[in-house]
Amino acid sequence: MNQSPTLPIQILGMVSTTYGSESAGWRGPVVDPGYLADFARAHEEAGFDRALVAHSASSPEGFAAAAHVLYNTERLRVLIAQRPGFIQPTLTARKLATLDNLTGAGRVAIHHITGGSDTDQRRDGDFENKAARYRRTAEFIDVLRRTLTSDEPFDHEGEFYRFEGAFSSVKPHGPVPIFFGGQSDDAIRVGGRWADVYALWGEPLAQTRERVELIRAEAARHGRQIEFSLSVRPIVAETEDAAWEKADAIRRAFENDLAQGGAGKWRIGRGENTAVGAKRLKEEAEQKLVHDERLWFGVTRLTDGGGNSTALVGTPRQVADALLKYYDLGIGTFLIRGFDPLRDVREWGKELVPLLRAGATARARALIGAGQ
């Protein structure tokens, strides 16, 4: 059996402070408060559970953007991406707990990004090598979690951090979920030991099953259970042919941007991507353009493999069924974002999101009925 019959499903999106994507172009100011509020409300109205606020060394600051999302919605939760090493874990814990108290219990989670680009790390003054960054992430999460939960001041002396009498008077009203991602051996050791939710890119089913089993085994070594998230970019239309035509149009638009010098803002600050996960995606893109019938690597082939670039192409029903095959592997969280971000979220709320929830509910009930 691959999953628990009570495995919940969480549907995540991703908000940005300005309109645009690799293929749709970019317009407006770097920080457009009205657009961000509209984007957040669109996620809530479409039935999303949470929205990711992404991070880079040249992008707007994530906690401020997340607060704007929370203040402009009633139920939508946020997942704030951040890189350990730039803000002390004790302060990060207080920021999370304060935001939780100000905006409603249980609406805040954090995603730790160890960093796949040395260039982007150095923009913020981080010159540690990747192995050291993973050790720092592990220590960071340890101190963060203790700060969020400890009823008494504590001391800590590690490789990267030293604290005496660390304590936060403000506590969240419940656990703050800790997300983490990475595909290297170092990443799996850190995530298996410390993460609540392990984030995976949209790889083929066979490779995803392999990663899930590997990470679960590492978590079990520490007496832990771990959940999983999958990030993929649906391309949906009324018919399958129309969806593939849409995918081809997205690819052509992206190629045009690259031919014009890659002026898109997505390129700023990225630098060379040395992440193992990016390398895996790039290799899979070179093997085949389409895996598992509708997992499309058309955009991945045009990039360095980094980021959320693989897409599921088809009708709402076909894409929901494809996502549910990952659910059957034990993945309960899906982060979906579009190439026409705001419009896609609104469209997905009509069919894709309800179909995905209904399919997960039916599977869970079937397992319960079978006594599993």
# chains A, B, ... in the order shown; residues from 1 in each chain; ligands from 1
>>> select_by_dssp(residues="region 61-127 of chain A", states="strand (DSSP E or B)", output="VMD selection string")
chain A and resid 77 to 82 108 to 112
>>> residues_around(residues="region 245-248 of chain A", least_positions_apart="6", cutoff="10 Å", atoms="only C-alpha atoms", output="PyMOL selection string")
chain A and resi 234-237+239+254+296+298-299+311-314+339
>>> residues_around(residues="Tyr198 (chain A)", least_positions_apart="2", cutoff="10 Å", atoms="only C-alpha atoms", output="MDAnalysis selection string")
chainID A and resid 111 178:182 188 191:192 194:196 200 212 215:216 226:230 331 333
>>> residues_around(residues="Glu284 (chain A)", least_positions_apart="2", cutoff="10 Å", atoms="only C-alpha atoms", output="list of chain:residue names")
A:Glu203, A:Pro204, A:Gln207, A:Ala278, A:Lys279, A:Arg280, A:Leu281, A:Lys282, A:Glu286, A:Gln287, A:Lys288, A:Leu289, A:Val290, A:His291, A:Phe297, A:Thr300, A:Arg301, A:Gly305
>>> residues_around(residues="region 67-78 of chain A", least_positions_apart="2", cutoff="9 Å", atoms="only C-alpha atoms", output="count of residues only")
31
>>> atom_distance(atom1="CA of Asp328 (chain A)", atom2="CA of Ala220 (chain A)")
19.9 Å
